[in-house]
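Dumped entry30.cif below, it's mmCIF, N, CA and C atoms:
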data_protein
#
loop_
_atom_site.label_atom_id
_atom_site.label_comp_id
_atom_site.auth_asym_id
_atom_site.auth_seq_id
_atom_site.Cartn_x
_atom_site.Cartn_y
_atom_site.Cartn_z
N MET A 11 104.48 54.97 117.53
CA MET A 11 104.27 53.53 117.45
C MET A 11 104.97 53.01 116.20
N ARG A 12 105.91 52.13 116.40
CA ARG A 12 106.69 51.57 115.30
C ARG A 12 105.82 50.77 114.34
N GLU A 13 104.84 50.07 114.86
CA GLU A 13 103.96 49.27 114.00
C GLU A 13 103.26 50.15 112.97
N GLU A 14 102.85 51.34 113.41
CA GLU A 14 102.13 52.24 112.51
C GLU A 14 102.97 52.59 111.28
N SER A 15 104.23 52.91 111.48
CA SER A 15 105.06 53.27 110.32
C SER A 15 105.30 52.07 109.41
N ARG A 16 105.39 50.89 109.98
CA ARG A 16 105.58 49.68 109.16
C ARG A 16 104.32 49.35 108.38
N VAL A 17 103.16 49.55 108.98
CA VAL A 17 101.89 49.34 108.27
C VAL A 17 101.78 50.34 107.12
N ARG A 18 102.16 51.59 107.37
CA ARG A 18 102.14 52.61 106.32
C ARG A 18 103.03 52.20 105.15
N GLU A 19 104.20 51.64 105.45
CA GLU A 19 105.11 51.19 104.40
C GLU A 19 104.47 50.11 103.53
N VAL A 20 103.82 49.14 104.18
CA VAL A 20 103.17 48.06 103.42
C VAL A 20 102.04 48.64 102.58
N LEU A 21 101.24 49.53 103.14
CA LEU A 21 100.17 50.16 102.37
C LEU A 21 100.74 50.91 101.17
N SER A 22 101.85 51.59 101.35
CA SER A 22 102.48 52.34 100.26
C SER A 22 102.91 51.42 99.13
N THR A 23 103.42 50.23 99.47
CA THR A 23 103.84 49.29 98.42
C THR A 23 102.64 48.79 97.62
N MET A 24 101.45 48.92 98.20
CA MET A 24 100.23 48.52 97.52
C MET A 24 99.59 49.70 96.77
N SER A 25 100.28 50.83 96.74
CA SER A 25 99.78 52.06 96.10
C SER A 25 98.52 52.60 96.77
N ILE A 26 98.42 52.37 98.07
CA ILE A 26 97.31 52.92 98.85
C ILE A 26 97.83 54.17 99.56
N PRO A 27 97.19 55.32 99.36
CA PRO A 27 97.67 56.56 99.95
C PRO A 27 97.67 56.49 101.49
N THR A 28 98.73 56.99 102.09
CA THR A 28 98.84 56.93 103.54
C THR A 28 98.80 58.31 104.20
N ALA A 29 98.74 59.36 103.40
CA ALA A 29 98.65 60.70 103.96
C ALA A 29 97.31 60.87 104.68
N GLY A 30 97.38 61.42 105.86
CA GLY A 30 96.15 61.69 106.61
C GLY A 30 95.56 60.50 107.33
N LEU A 31 96.29 59.39 107.39
CA LEU A 31 95.77 58.24 108.12
C LEU A 31 95.65 58.57 109.60
N SER A 32 94.57 58.12 110.20
CA SER A 32 94.40 58.24 111.65
C SER A 32 93.90 56.90 112.16
N GLY A 33 93.83 56.77 113.45
CA GLY A 33 93.34 55.52 114.03
C GLY A 33 91.94 55.18 113.60
N ALA A 34 91.15 56.19 113.28
CA ALA A 34 89.75 55.97 112.89
C ALA A 34 89.56 55.73 111.40
N THR A 35 90.63 55.79 110.62
CA THR A 35 90.53 55.58 109.17
C THR A 35 90.03 54.16 108.90
N LEU A 36 88.93 54.06 108.17
CA LEU A 36 88.35 52.75 107.83
C LEU A 36 89.09 52.15 106.64
N LEU A 37 89.48 50.90 106.79
CA LEU A 37 90.24 50.23 105.73
C LEU A 37 89.42 50.13 104.45
N HIS A 38 88.17 49.75 104.56
CA HIS A 38 87.34 49.56 103.37
C HIS A 38 86.77 50.89 102.88
N ASP A 39 86.06 51.59 103.74
CA ASP A 39 85.34 52.79 103.31
C ASP A 39 86.25 53.96 102.97
N ASP A 40 87.27 54.20 103.79
CA ASP A 40 88.13 55.37 103.57
C ASP A 40 89.30 55.08 102.63
N LEU A 41 89.89 53.90 102.74
CA LEU A 41 91.05 53.57 101.91
C LEU A 41 90.68 52.78 100.67
N GLY A 42 89.45 52.28 100.61
CA GLY A 42 89.00 51.55 99.44
C GLY A 42 89.59 50.16 99.32
N ILE A 43 90.02 49.58 100.42
CA ILE A 43 90.62 48.25 100.39
C ILE A 43 89.51 47.22 100.25
N ASP A 44 89.51 46.50 99.12
CA ASP A 44 88.51 45.46 98.89
C ASP A 44 89.03 44.13 99.46
N SER A 45 88.26 43.07 99.28
CA SER A 45 88.63 41.79 99.89
C SER A 45 89.95 41.24 99.34
N ALA A 46 90.19 41.41 98.05
CA ALA A 46 91.45 40.92 97.48
C ALA A 46 92.64 41.72 98.02
N GLU A 47 92.47 43.03 98.11
CA GLU A 47 93.54 43.86 98.65
C GLU A 47 93.75 43.60 100.14
N ARG A 48 92.69 43.24 100.83
CA ARG A 48 92.82 42.91 102.26
C ARG A 48 93.71 41.68 102.43
N VAL A 49 93.53 40.69 101.57
CA VAL A 49 94.38 39.51 101.60
C VAL A 49 95.82 39.91 101.31
N GLU A 50 96.02 40.74 100.30
CA GLU A 50 97.35 41.22 99.95
C GLU A 50 97.99 41.98 101.12
N LEU A 51 97.18 42.80 101.79
CA LEU A 51 97.67 43.55 102.95
C LEU A 51 98.09 42.62 104.08
N ILE A 52 97.27 41.62 104.37
CA ILE A 52 97.58 40.68 105.44
C ILE A 52 98.86 39.91 105.12
N VAL A 53 98.97 39.44 103.89
CA VAL A 53 100.18 38.70 103.49
C VAL A 53 101.41 39.61 103.63
N GLY A 54 101.28 40.84 103.18
CA GLY A 54 102.39 41.79 103.28
C GLY A 54 102.77 42.07 104.73
N LEU A 55 101.78 42.22 105.58
CA LEU A 55 102.05 42.48 106.99
C LEU A 55 102.64 41.26 107.69
N GLU A 56 102.16 40.07 107.33
CA GLU A 56 102.73 38.85 107.91
C GLU A 56 104.21 38.74 107.55
N LYS A 57 104.55 39.08 106.32
CA LYS A 57 105.96 39.05 105.91
C LYS A 57 106.76 40.13 106.62
N GLU A 58 106.22 41.33 106.67
CA GLU A 58 106.91 42.47 107.30
C GLU A 58 107.19 42.22 108.77
N PHE A 59 106.21 41.65 109.47
CA PHE A 59 106.32 41.47 110.92
C PHE A 59 106.79 40.07 111.32
N GLY A 60 106.80 39.14 110.35
CA GLY A 60 107.19 37.77 110.68
C GLY A 60 106.18 37.11 111.60
N LEU A 61 104.90 37.43 111.38
CA LEU A 61 103.82 36.93 112.23
C LEU A 61 102.75 36.27 111.38
N LYS A 62 101.89 35.53 112.03
CA LYS A 62 100.75 34.89 111.37
C LYS A 62 99.47 35.45 111.96
N PHE A 63 98.64 36.06 111.12
CA PHE A 63 97.37 36.60 111.59
C PHE A 63 96.44 35.46 111.97
N GLY A 64 95.66 35.65 113.01
CA GLY A 64 94.66 34.68 113.42
C GLY A 64 93.30 35.04 112.85
N PRO A 65 92.31 34.17 113.02
CA PRO A 65 90.98 34.42 112.47
C PRO A 65 90.32 35.67 113.06
N GLU A 66 90.73 36.08 114.25
CA GLU A 66 90.15 37.27 114.87
C GLU A 66 90.47 38.54 114.08
N ALA A 67 91.46 38.48 113.20
CA ALA A 67 91.85 39.64 112.40
C ALA A 67 90.76 40.02 111.39
N GLU A 68 89.84 39.11 111.12
CA GLU A 68 88.77 39.40 110.16
C GLU A 68 87.89 40.55 110.62
N GLY A 69 87.83 40.79 111.93
CA GLY A 69 86.99 41.86 112.46
C GLY A 69 87.65 43.22 112.46
N ILE A 70 88.88 43.32 112.00
CA ILE A 70 89.59 44.60 112.00
C ILE A 70 89.01 45.51 110.92
N GLU A 71 88.59 46.69 111.33
CA GLU A 71 87.96 47.62 110.38
C GLU A 71 88.74 48.91 110.19
N THR A 72 89.55 49.31 111.18
CA THR A 72 90.23 50.60 111.09
C THR A 72 91.75 50.44 111.12
N PHE A 73 92.43 51.48 110.68
CA PHE A 73 93.89 51.52 110.72
C PHE A 73 94.37 51.38 112.16
N GLY A 74 93.71 52.03 113.09
CA GLY A 74 94.08 51.95 114.49
C GLY A 74 93.93 50.55 115.05
N GLU A 75 92.83 49.89 114.72
CA GLU A 75 92.62 48.51 115.17
C GLU A 75 93.70 47.60 114.62
N LEU A 76 94.09 47.83 113.37
CA LEU A 76 95.13 47.02 112.73
C LEU A 76 96.46 47.20 113.46
N CYS A 77 96.82 48.43 113.76
CA CYS A 77 98.08 48.69 114.47
C CYS A 77 98.05 48.10 115.88
N THR A 78 96.93 48.23 116.57
CA THR A 78 96.78 47.67 117.91
C THR A 78 96.89 46.15 117.86
N TYR A 79 96.26 45.54 116.87
CA TYR A 79 96.32 44.08 116.71
C TYR A 79 97.77 43.63 116.49
N LEU A 80 98.49 44.33 115.63
CA LEU A 80 99.88 43.96 115.36
C LEU A 80 100.76 44.13 116.59
N THR A 81 100.51 45.17 117.37
CA THR A 81 101.26 45.38 118.60
C THR A 81 101.02 44.21 119.56
N ALA A 82 99.77 43.84 119.74
CA ALA A 82 99.43 42.73 120.64
C ALA A 82 100.00 41.41 120.12
N LEU A 83 99.91 41.19 118.83
CA LEU A 83 100.42 39.95 118.23
C LEU A 83 101.94 39.88 118.40
N SER A 84 102.62 41.00 118.20
CA SER A 84 104.07 41.05 118.38
C SER A 84 104.46 40.76 119.82
N GLU A 85 103.70 41.31 120.75
CA GLU A 85 103.97 41.07 122.17
C GLU A 85 103.73 39.61 122.52
N ASP A 86 102.67 39.02 121.96
CA ASP A 86 102.38 37.61 122.22
C ASP A 86 103.51 36.72 121.72
N VAL A 87 104.04 37.03 120.54
CA VAL A 87 105.15 36.25 119.98
C VAL A 87 106.38 36.39 120.89
N GLY A 88 106.62 37.62 121.34
CA GLY A 88 107.75 37.86 122.20
C GLY A 88 107.67 37.10 123.51
N GLU A 89 106.45 36.84 123.95
CA GLU A 89 106.24 36.12 125.20
C GLU A 89 105.96 34.63 124.94
N GLY A 90 106.07 34.21 123.68
CA GLY A 90 105.91 32.79 123.35
C GLY A 90 104.49 32.29 123.35
N ARG A 91 103.50 33.20 123.23
CA ARG A 91 102.11 32.76 123.30
C ARG A 91 101.47 32.48 121.95
N THR A 92 102.15 32.79 120.88
CA THR A 92 101.62 32.54 119.54
C THR A 92 102.77 32.21 118.62
N ASN A 93 102.48 31.74 117.45
CA ASN A 93 103.54 31.32 116.53
C ASN A 93 103.95 32.41 115.58
N ALA A 94 105.22 32.57 115.41
CA ALA A 94 105.73 33.44 114.35
C ALA A 94 105.87 32.60 113.10
N THR A 95 105.86 33.28 111.97
CA THR A 95 106.08 32.53 110.73
C THR A 95 107.57 32.27 110.59
N SER A 96 107.90 31.22 109.86
CA SER A 96 109.33 30.92 109.70
C SER A 96 109.84 31.36 108.37
#
Written as structure tokens, that's how I'd like the structure from this file.
Amino acid sequence: MREESRVREVLSTMSIPTAGLSGATLLHDDLGIDSAERVELIVGLEKEFGLKFGPEAEGIETFGELCTYLTALSEDVGEGRTNATS
């Protein structure tokens, strides 16, 4: 999954270890991402993917959910169902 490697890159730029990540890895509990870092992660991913996260992204808890969300969001943009950032 291409999204997974791009998410890993963004996490790496934030000095968050990416070794051993799995779909079940919890963003807060396992990676220690606090609310400020979560905002930084979202901003970084929006820039990386050229997408705008929606309010439903607040419920994302795991690395796998994040990658699945980005895949769906990318597909929606490709089909013209959501807005990409400019």
Answer key for the PyMOL selection byres ((chain A and resi 21-32) around 8), residues as a list of chain:residue names: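 Applied to this file, the PyMOL selection byres ((chain A and resi 21-32) around 8) selects A:Ser15, A:Arg16, A:Val17, A:Arg18, A:Glu19, A:Val20, A:Gly33, A:Ala34, A:Thr35, A:Leu36, A:Leu41, A:Glu50, A:Leu51, A:Gly54, A:Leu55, A:Thr72, A:Phe73, A:Gly74, A:Glu75.
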Using DSSP secondary structure from the backbone, list all helix (DSSP H, G or I) positions within region 14-95 of chain A, as an MDAnalysis selection string. chainID A and resid 14:23 45:59 65:69 73:88
Export N, CA and C atoms of the chosen residues as a tab-separated table (two decimals), keeping the file's coordinate frame?
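To be explicit, this is the file written out as selection.tsv:
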chain	number	residue	atom	x	y	z
A	14	GLU	N	102.85	51.34	113.41
A	14	GLU	CA	102.13	52.24	112.51
A	14	GLU	C	102.97	52.59	111.28
A	15	SER	N	104.23	52.91	111.48
A	15	SER	CA	105.06	53.27	110.32
A	15	SER	C	105.30	52.07	109.41
A	16	ARG	N	105.39	50.89	109.98
A	16	ARG	CA	105.58	49.68	109.16
A	16	ARG	C	104.32	49.35	108.38
A	17	VAL	N	103.16	49.55	108.98
A	17	VAL	CA	101.89	49.34	108.27
A	17	VAL	C	101.78	50.34	107.12
A	18	ARG	N	102.16	51.59	107.37
A	18	ARG	CA	102.14	52.61	106.32
A	18	ARG	C	103.03	52.20	105.15
A	19	GLU	N	104.20	51.64	105.45
A	19	GLU	CA	105.11	51.19	104.40
A	19	GLU	C	104.47	50.11	103.53
A	20	VAL	N	103.82	49.14	104.18
A	20	VAL	CA	103.17	48.06	103.42
A	20	VAL	C	102.04	48.64	102.58
A	21	LEU	N	101.24	49.53	103.14
A	21	LEU	CA	100.17	50.16	102.37
A	21	LEU	C	100.74	50.91	101.17
A	22	SER	N	101.85	51.59	101.35
A	22	SER	CA	102.48	52.34	100.26
A	22	SER	C	102.91	51.42	99.13
A	23	THR	N	103.42	50.23	99.47
A	23	THR	CA	103.84	49.29	98.42
A	23	THR	C	102.64	48.79	97.62
A	45	SER	N	88.26	43.07	99.28
A	45	SER	CA	88.63	41.79	99.89
A	45	SER	C	89.95	41.24	99.34
A	46	ALA	N	90.19	41.41	98.05
A	46	ALA	CA	91.45	40.92	97.48
A	46	ALA	C	92.64	41.72	98.02
A	47	GLU	N	92.47	43.03	98.11
A	47	GLU	CA	93.54	43.86	98.65
A	47	GLU	C	93.75	43.60	100.14
A	48	ARG	N	92.69	43.24	100.83
A	48	ARG	CA	92.82	42.91	102.26
A	48	ARG	C	93.71	41.68	102.43
A	49	VAL	N	93.53	40.69	101.57
A	49	VAL	CA	94.38	39.51	101.60
A	49	VAL	C	95.82	39.91	101.31
A	50	GLU	N	96.02	40.74	100.30
A	50	GLU	CA	97.35	41.22	99.95
A	50	GLU	C	97.99	41.98	101.12
A	51	LEU	N	97.18	42.80	101.79
A	51	LEU	CA	97.67	43.55	102.95
A	51	LEU	C	98.09	42.62	104.08
A	52	ILE	N	97.27	41.62	104.37
A	52	ILE	CA	97.58	40.68	105.44
A	52	ILE	C	98.86	39.91	105.12
A	53	VAL	N	98.97	39.44	103.89
A	53	VAL	CA	100.18	38.70	103.49
A	53	VAL	C	101.41	39.61	103.63
A	54	GLY	N	101.28	40.84	103.18
A	54	GLY	CA	102.39	41.79	103.28
A	54	GLY	C	102.77	42.07	104.73
A	55	LEU	N	101.78	42.22	105.58
A	55	LEU	CA	102.05	42.48	106.99
A	55	LEU	C	102.64	41.26	107.69
A	56	GLU	N	102.16	40.07	107.33
A	56	GLU	CA	102.73	38.85	107.91
A	56	GLU	C	104.21	38.74	107.55
A	57	LYS	N	104.55	39.08	106.32
A	57	LYS	CA	105.96	39.05	105.91
A	57	LYS	C	106.76	40.13	106.62
A	58	GLU	N	106.22	41.33	106.67
A	58	GLU	CA	106.91	42.47	107.30
A	58	GLU	C	107.19	42.22	108.77
A	59	PHE	N	106.21	41.65	109.47
A	59	PHE	CA	106.32	41.47	110.92
A	59	PHE	C	106.79	40.07	111.32
A	65	PRO	N	92.31	34.17	113.02
A	65	PRO	CA	90.98	34.42	112.47
A	65	PRO	C	90.32	35.67	113.06
A	66	GLU	N	90.73	36.08	114.25
A	66	GLU	CA	90.15	37.27	114.87
A	66	GLU	C	90.47	38.54	114.08
A	67	ALA	N	91.46	38.48	113.20
A	67	ALA	CA	91.85	39.64	112.40
A	67	ALA	C	90.76	40.02	111.39
A	68	GLU	N	89.84	39.11	111.12
A	68	GLU	CA	88.77	39.40	110.16
A	68	GLU	C	87.89	40.55	110.62
A	69	GLY	N	87.83	40.79	111.93
A	69	GLY	CA	86.99	41.86	112.46
A	69	GLY	C	87.65	43.22	112.46
A	73	PHE	N	92.43	51.48	110.68
A	73	PHE	CA	93.89	51.52	110.72
A	73	PHE	C	94.37	51.38	112.16
A	74	GLY	N	93.71	52.03	113.09
A	74	GLY	CA	94.08	51.95	114.49
A	74	GLY	C	93.93	50.55	115.05
A	75	GLU	N	92.83	49.89	114.72
A	75	GLU	CA	92.62	48.51	115.17
A	75	GLU	C	93.70	47.60	114.62
A	76	LEU	N	94.09	47.83	113.37
A	76	LEU	CA	95.13	47.02	112.73
A	76	LEU	C	96.46	47.20	113.46
A	77	CYS	N	96.82	48.43	113.76
A	77	CYS	CA	98.08	48.69	114.47
A	77	CYS	C	98.05	48.10	115.88
A	78	THR	N	96.93	48.23	116.57
A	78	THR	CA	96.78	47.67	117.91
A	78	THR	C	96.89	46.15	117.86
A	79	TYR	N	96.26	45.54	116.87
A	79	TYR	CA	96.32	44.08	116.71
A	79	TYR	C	97.77	43.63	116.49
A	80	LEU	N	98.49	44.33	115.63
A	80	LEU	CA	99.88	43.96	115.36
A	80	LEU	C	100.76	44.13	116.59
A	81	THR	N	100.51	45.17	117.37
A	81	THR	CA	101.26	45.38	118.60
A	81	THR	C	101.02	44.21	119.56
A	82	ALA	N	99.77	43.84	119.74
A	82	ALA	CA	99.43	42.73	120.64
A	82	ALA	C	100.00	41.41	120.12
A	83	LEU	N	99.91	41.19	118.83
A	83	LEU	CA	100.42	39.95	118.23
A	83	LEU	C	101.94	39.88	118.40
A	84	SER	N	102.62	41.00	118.20
A	84	SER	CA	104.07	41.05	118.38
A	84	SER	C	104.46	40.76	119.82
A	85	GLU	N	103.70	41.31	120.75
A	85	GLU	CA	103.97	41.07	122.17
A	85	GLU	C	103.73	39.61	122.52
A	86	ASP	N	102.67	39.02	121.96
A	86	ASP	CA	102.38	37.61	122.22
A	86	ASP	C	103.51	36.72	121.72
A	87	VAL	N	104.04	37.03	120.54
A	87	VAL	CA	105.15	36.25	119.98
A	87	VAL	C	106.38	36.39	120.89
A	88	GLY	N	106.62	37.62	121.34
A	88	GLY	CA	107.75	37.86	122.20
A	88	GLY	C	107.67	37.10	123.51
How many Å separate CA of Glu13 (chain A) from CA of Asp44 (chain A)? 21.9 Å
Could you please determine the separation between CA of Val53 (chain A) and CA of Cys77 (chain A) in Å, to one decimal place?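 Taking CA of Val53 (chain A) as the start and CA of Cys77 (chain A) as the end point, the length is 15.0 Å.
In this structure, CA of Gly64 (chain A) sits 22.4 Å away from atom N of Gly42 (chain A).
Minimum atom-to-atom distances from A:Glu47, A:Thr78, A:Val87, A:Lys57 to Glu14 (chain A) were compared using only N, CA and C atoms, and the lowest value belongs to A:Thr78.
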Determine the nearest neighbour of Pro65 (chain A) from the options A:Arg12, A:Ile52, A:Leu37, A:Ser45, counting only C-alpha atoms. A:Ile52
